[in-house]
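Down below is the structure, laid out as structure tokens.
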Amino acid sequence: MKEFEQVVQLSIPAKAEFIDLARLSLYGVAAKMGFSYEDIEDMKVAVSEACNNVVLHAYDDEPGRIDLRFEMQPDAIRIIVKDYGKSFNYEQEAKQAASLHHQSLDAAKIGGLGLFMMQALMDQVEVLTIDGTEVILTKFLNRNEGEHNHEFISSSSIQEQP
């Protein structure tokens with residue numbers, strides 16, 4: 001890790017009802033960095049997809065956890081979603097996702113669009129399948145595009161409830 005990075009980490013149970021905590025944390029970090037509303041929404045969908053995959057596939061109905069790491073860099077955010085459950089054949093899934101680019105949605109199997117969506121919404125997607133699965137999602141910050149949007153999602157516009 002580089003000296004200039006700031007990191008926020010979060011561990012949540014691998015249950016669907018906790019995925020909103022990942023989305024809320026991402027929103028807070030990305031808004032602080034100056035990402036546009038549209039970029040934040042794209043990232044929230046990608047992170048939700050990665051977390052949903054853990055909930056559905058990693059632990060076979062056994063208790064488990066999802067570790068999230070938000071690495072804030074000067075020009076990007078890296079979001080790492082890590083589980084310690086069953087892994088999967090990433091190369092095979094990546095080939096299937098790549099083959100969907102010029103086909104109709106009917107060609108996709110149910111549940112097979114997650115990786116495709118993450119790749120479409122993020123600037124970089126990496127998957128490591130050693131000791132569980134680690135999905136690394138990267139989105140680059142385009143300050144020119146997002147600066148005017150930052151006003152309505154700044155931390156000062158988020159009000160705490162008493």
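In the structure tokens, the first chain shown is A, the next is B, and so on; residue numbers restart at 1 for each chain, and ligands run from 1 in the order shown.
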List the neighbours of stretch 4-11 of chain A out to 6 Å using only C-alpha atoms; skip same-chain residues closer than 4 positions along the sequence, and give me the result as a PDB file with all heavy atoms, in the first residue's frame.
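Printed below is out_37.pdb as written:
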ATOM      1  N   ILE A  66     -17.932 -11.194   4.890  1.00  0.00           N
ATOM      2  CA  ILE A  66     -17.421 -10.455   3.742  1.00  0.00           C
ATOM      3  C   ILE A  66     -16.550  -9.344   4.291  1.00  0.00           C
ATOM      4  O   ILE A  66     -16.996  -8.551   5.121  1.00  0.00           O
ATOM      5  CB  ILE A  66     -18.568  -9.828   2.913  1.00  0.00           C
ATOM      6  CG1 ILE A  66     -19.560 -10.890   2.449  1.00  0.00           C
ATOM      7  CG2 ILE A  66     -18.005  -9.046   1.728  1.00  0.00           C
ATOM      8  CD1 ILE A  66     -20.835 -10.323   1.830  1.00  0.00           C
ATOM      9  N   ASP A  67     -15.294  -9.304   3.862  1.00  0.00           N
ATOM     10  CA  ASP A  67     -14.401  -8.208   4.230  1.00  0.00           C
ATOM     11  C   ASP A  67     -14.366  -7.226   3.071  1.00  0.00           C
ATOM     12  O   ASP A  67     -14.131  -7.615   1.924  1.00  0.00           O
ATOM     13  CB  ASP A  67     -12.981  -8.721   4.507  1.00  0.00           C
ATOM     14  CG  ASP A  67     -12.893  -9.509   5.806  1.00  0.00           C
ATOM     15  OD1 ASP A  67     -13.778  -9.343   6.674  1.00  0.00           O
ATOM     16  OD2 ASP A  67     -11.942 -10.294   5.955  1.00  0.00           O
ATOM     17  N   LEU A  68     -14.610  -5.957   3.375  1.00  0.00           N
ATOM     18  CA  LEU A  68     -14.562  -4.898   2.368  1.00  0.00           C
ATOM     19  C   LEU A  68     -13.441  -3.945   2.714  1.00  0.00           C
ATOM     20  O   LEU A  68     -13.221  -3.629   3.884  1.00  0.00           O
ATOM     21  CB  LEU A  68     -15.892  -4.137   2.334  1.00  0.00           C
ATOM     22  CG  LEU A  68     -17.045  -4.990   1.843  1.00  0.00           C
ATOM     23  CD1 LEU A  68     -18.144  -5.018   2.859  1.00  0.00           C
ATOM     24  CD2 LEU A  68     -17.532  -4.480   0.525  1.00  0.00           C
ATOM     25  N   ARG A  69     -12.760  -3.500   1.696  1.00  0.00           N
ATOM     26  CA  ARG A  69     -11.656  -2.561   1.872  1.00  0.00           C
ATOM     27  C   ARG A  69     -11.799  -1.493   0.793  1.00  0.00           C
ATOM     28  O   ARG A  69     -11.848  -1.809  -0.386  1.00  0.00           O
ATOM     29  CB  ARG A  69     -10.333  -3.303   1.749  1.00  0.00           C
ATOM     30  CG  ARG A  69      -9.115  -2.475   1.936  1.00  0.00           C
ATOM     31  CD  ARG A  69      -7.866  -3.365   1.818  1.00  0.00           C
ATOM     32  NE  ARG A  69      -6.686  -2.579   1.823  1.00  0.00           N
ATOM     33  CZ  ARG A  69      -5.975  -2.285   2.910  1.00  0.00           C
ATOM     34  NH1 ARG A  69      -6.347  -2.763   4.068  1.00  0.00           N
ATOM     35  NH2 ARG A  69      -4.901  -1.539   2.827  1.00  0.00           N
ATOM     36  N   PHE A  70     -11.897  -0.241   1.214  1.00  0.00           N
ATOM     37  CA  PHE A  70     -12.002   0.888   0.299  1.00  0.00           C
ATOM     38  C   PHE A  70     -10.670   1.621   0.340  1.00  0.00           C
ATOM     39  O   PHE A  70     -10.339   2.232   1.361  1.00  0.00           O
ATOM     40  CB  PHE A  70     -13.151   1.816   0.712  1.00  0.00           C
ATOM     41  CG  PHE A  70     -14.478   1.118   0.829  1.00  0.00           C
ATOM     42  CD1 PHE A  70     -14.952   0.690   2.056  1.00  0.00           C
ATOM     43  CD2 PHE A  70     -15.251   0.899  -0.297  1.00  0.00           C
ATOM     44  CE1 PHE A  70     -16.181   0.059   2.161  1.00  0.00           C
ATOM     45  CE2 PHE A  70     -16.481   0.270  -0.199  1.00  0.00           C
ATOM     46  CZ  PHE A  70     -16.941  -0.164   1.034  1.00  0.00           C
ATOM     47  N   GLU A  71      -9.900   1.547  -0.733  1.00  0.00           N
ATOM     48  CA  GLU A  71      -8.596   2.210  -0.814  1.00  0.00           C
ATOM     49  C   GLU A  71      -8.753   3.485  -1.625  1.00  0.00           C
ATOM     50  O   GLU A  71      -9.040   3.439  -2.816  1.00  0.00           O
ATOM     51  CB  GLU A  71      -7.560   1.289  -1.458  1.00  0.00           C
ATOM     52  CG  GLU A  71      -7.293   0.042  -0.653  1.00  0.00           C
ATOM     53  CD  GLU A  71      -6.295  -0.897  -1.318  1.00  0.00           C
ATOM     54  OE1 GLU A  71      -5.891  -0.655  -2.487  1.00  0.00           O
ATOM     55  OE2 GLU A  71      -5.916  -1.895  -0.669  1.00  0.00           O
ATOM     56  N   MET A  72      -8.572   4.617  -0.948  1.00  0.00           N
ATOM     57  CA  MET A  72      -8.735   5.923  -1.587  1.00  0.00           C
ATOM     58  C   MET A  72      -7.384   6.390  -2.102  1.00  0.00           C
ATOM     59  O   MET A  72      -6.457   6.614  -1.323  1.00  0.00           O
ATOM     60  CB  MET A  72      -9.291   6.925  -0.575  1.00  0.00           C
ATOM     61  CG  MET A  72     -10.678   6.559  -0.107  1.00  0.00           C
ATOM     62  SD  MET A  72     -11.232   7.583   1.269  1.00  0.00           S
ATOM     63  CE  MET A  72     -10.594   6.624   2.639  1.00  0.00           C
ATOM     64  N   GLN A  73      -7.266   6.503  -3.395  1.00  0.00           N
ATOM     65  CA  GLN A  73      -6.057   6.982  -4.045  1.00  0.00           C
ATOM     66  C   GLN A  73      -6.346   8.362  -4.618  1.00  0.00           C
ATOM     67  O   GLN A  73      -7.516   8.731  -4.761  1.00  0.00           O
ATOM     68  CB  GLN A  73      -5.638   5.994  -5.139  1.00  0.00           C
ATOM     69  CG  GLN A  73      -5.396   4.598  -4.603  1.00  0.00           C
ATOM     70  CD  GLN A  73      -5.216   3.562  -5.699  1.00  0.00           C
ATOM     71  OE1 GLN A  73      -5.391   3.834  -6.877  1.00  0.00           O
ATOM     72  NE2 GLN A  73      -4.889   2.354  -5.297  1.00  0.00           N
TER      73      GLN A  73
END
Who sits within 9 Å of A:Met33, only C-alpha atoms, same chain under 2 positions skipped, as a list in words: Gly28, Val29, Ala30, Ala31, Phe35, Met72, Gln73, Pro74, Ala76, Ile77, Leu141 and His150 of chain A
Shell around stretch 133-139 of chain A at 6 Å using only C-alpha atoms, local window under 3 positions removed, as a ChimeraX atom specification: /A:76-83,87,122-129
Neighbour list for A:Glu17 as a PyMOL selection string, cut-off 12 Å, only C-alpha atoms, skip fewer than 4 positions in-chain: chain A and resi 12-13+21-23+48+51-52+55
Go ahead and save the residues from that selection, with all heavy atoms, as a PDB file, in the first residue's frame.
ATOM      1  N   ILE A  12     -18.620  -7.580   7.325  1.00  0.00           N
ATOM      2  CA  ILE A  12     -20.049  -7.783   7.550  1.00  0.00           C
ATOM      3  C   ILE A  12     -20.365  -9.275   7.442  1.00  0.00           C
ATOM      4  O   ILE A  12     -19.652 -10.018   6.749  1.00  0.00           O
ATOM      5  CB  ILE A  12     -20.911  -6.985   6.541  1.00  0.00           C
ATOM      6  CG1 ILE A  12     -20.604  -7.400   5.091  1.00  0.00           C
ATOM      7  CG2 ILE A  12     -20.726  -5.483   6.740  1.00  0.00           C
ATOM      8  CD1 ILE A  12     -21.519  -6.765   4.051  1.00  0.00           C
ATOM      9  N   PRO A  13     -21.429  -9.717   8.106  1.00  0.00           N
ATOM     10  CA  PRO A  13     -21.855 -11.104   7.904  1.00  0.00           C
ATOM     11  C   PRO A  13     -22.251 -11.321   6.442  1.00  0.00           C
ATOM     12  O   PRO A  13     -22.778 -10.416   5.790  1.00  0.00           O
ATOM     13  CB  PRO A  13     -23.069 -11.240   8.822  1.00  0.00           C
ATOM     14  CG  PRO A  13     -22.904 -10.157   9.844  1.00  0.00           C
ATOM     15  CD  PRO A  13     -22.222  -9.028   9.114  1.00  0.00           C
ATOM     16  N   LEU A  21     -25.061  -2.100   4.225  1.00  0.00           N
ATOM     17  CA  LEU A  21     -23.955  -1.456   4.944  1.00  0.00           C
ATOM     18  C   LEU A  21     -22.754  -1.241   4.019  1.00  0.00           C
ATOM     19  O   LEU A  21     -22.066  -0.218   4.117  1.00  0.00           O
ATOM     20  CB  LEU A  21     -23.536  -2.289   6.154  1.00  0.00           C
ATOM     21  CG  LEU A  21     -24.574  -2.410   7.263  1.00  0.00           C
ATOM     22  CD1 LEU A  21     -24.086  -3.353   8.357  1.00  0.00           C
ATOM     23  CD2 LEU A  21     -24.912  -1.047   7.827  1.00  0.00           C
ATOM     24  N   ALA A  22     -22.506  -2.182   3.132  1.00  0.00           N
ATOM     25  CA  ALA A  22     -21.427  -2.021   2.150  1.00  0.00           C
ATOM     26  C   ALA A  22     -21.736  -0.858   1.219  1.00  0.00           C
ATOM     27  O   ALA A  22     -20.875  -0.018   0.937  1.00  0.00           O
ATOM     28  CB  ALA A  22     -21.232  -3.317   1.355  1.00  0.00           C
ATOM     29  N   ARG A  23     -22.977  -0.777   0.758  1.00  0.00           N
ATOM     30  CA  ARG A  23     -23.391   0.300  -0.153  1.00  0.00           C
ATOM     31  C   ARG A  23     -23.307   1.664   0.524  1.00  0.00           C
ATOM     32  O   ARG A  23     -22.844   2.636  -0.066  1.00  0.00           O
ATOM     33  CB  ARG A  23     -24.820   0.042  -0.652  1.00  0.00           C
ATOM     34  CG  ARG A  23     -24.938  -1.173  -1.556  1.00  0.00           C
ATOM     35  CD  ARG A  23     -26.390  -1.575  -1.796  1.00  0.00           C
ATOM     36  NE  ARG A  23     -27.194  -0.517  -2.353  1.00  0.00           N
ATOM     37  CZ  ARG A  23     -27.357  -0.284  -3.659  1.00  0.00           C
ATOM     38  NH1 ARG A  23     -26.750  -1.059  -4.535  1.00  0.00           N
ATOM     39  NH2 ARG A  23     -28.120   0.703  -4.073  1.00  0.00           N
ATOM     40  N   SER A  48     -22.624  -4.339  -4.806  1.00  0.00           N
ATOM     41  CA  SER A  48     -23.766  -5.184  -4.430  1.00  0.00           C
ATOM     42  C   SER A  48     -23.701  -6.526  -5.143  1.00  0.00           C
ATOM     43  O   SER A  48     -23.970  -7.574  -4.549  1.00  0.00           O
ATOM     44  CB  SER A  48     -25.088  -4.495  -4.778  1.00  0.00           C
ATOM     45  OG  SER A  48     -25.264  -3.355  -4.000  1.00  0.00           O
ATOM     46  N   CYS A  51     -20.989  -8.642  -3.518  1.00  0.00           N
ATOM     47  CA  CYS A  51     -21.457  -9.127  -2.216  1.00  0.00           C
ATOM     48  C   CYS A  51     -22.552 -10.181  -2.376  1.00  0.00           C
ATOM     49  O   CYS A  51     -22.566 -11.190  -1.646  1.00  0.00           O
ATOM     50  CB  CYS A  51     -21.954  -7.966  -1.368  1.00  0.00           C
ATOM     51  SG  CYS A  51     -20.650  -6.851  -0.794  1.00  0.00           S
ATOM     52  N   ASN A  52     -23.467  -9.972  -3.310  1.00  0.00           N
ATOM     53  CA  ASN A  52     -24.519 -10.966  -3.570  1.00  0.00           C
ATOM     54  C   ASN A  52     -23.922 -12.305  -3.964  1.00  0.00           C
ATOM     55  O   ASN A  52     -24.424 -13.357  -3.561  1.00  0.00           O
ATOM     56  CB  ASN A  52     -25.469 -10.486  -4.662  1.00  0.00           C
ATOM     57  CG  ASN A  52     -26.481  -9.487  -4.172  1.00  0.00           C
ATOM     58  OD1 ASN A  52     -26.884  -9.513  -3.011  1.00  0.00           O
ATOM     59  ND2 ASN A  52     -26.883  -8.588  -5.054  1.00  0.00           N
ATOM     60  N   VAL A  55     -22.875 -14.034  -0.821  1.00  0.00           N
ATOM     61  CA  VAL A  55     -24.041 -14.525  -0.074  1.00  0.00           C
ATOM     62  C   VAL A  55     -24.606 -15.782  -0.729  1.00  0.00           C
ATOM     63  O   VAL A  55     -24.935 -16.759  -0.050  1.00  0.00           O
ATOM     64  CB  VAL A  55     -25.118 -13.421   0.039  1.00  0.00           C
ATOM     65  CG1 VAL A  55     -26.432 -13.979   0.569  1.00  0.00           C
ATOM     66  CG2 VAL A  55     -24.624 -12.277   0.916  1.00  0.00           C
TER      67      VAL A  55
END
Who sits within 9 Å of A:Lys44, only C-alpha atoms, same chain under 3 positions skipped, as a ChimeraX atom specification: /A:22-24,26-27,39-41,47-49
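Computed from the coordinates, the atom CA of A:Met117 to atom CA of A:Glu38 distance equals 15.0 Å.
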Pick from A:Ala58, A:Ile130, A:Ala14, A:Ala120, whichever lies nearest to A:Asp42 using only C-alpha atoms: A:Ala120
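Note that the spacing between atom CA of A:Val54 and atom CA of A:Ala16 amounts to 9.4 Å.
The gap separating atom CA of A:Gly114 from atom CA of A:His57 is 12.3 Å, in Å to one decimal.
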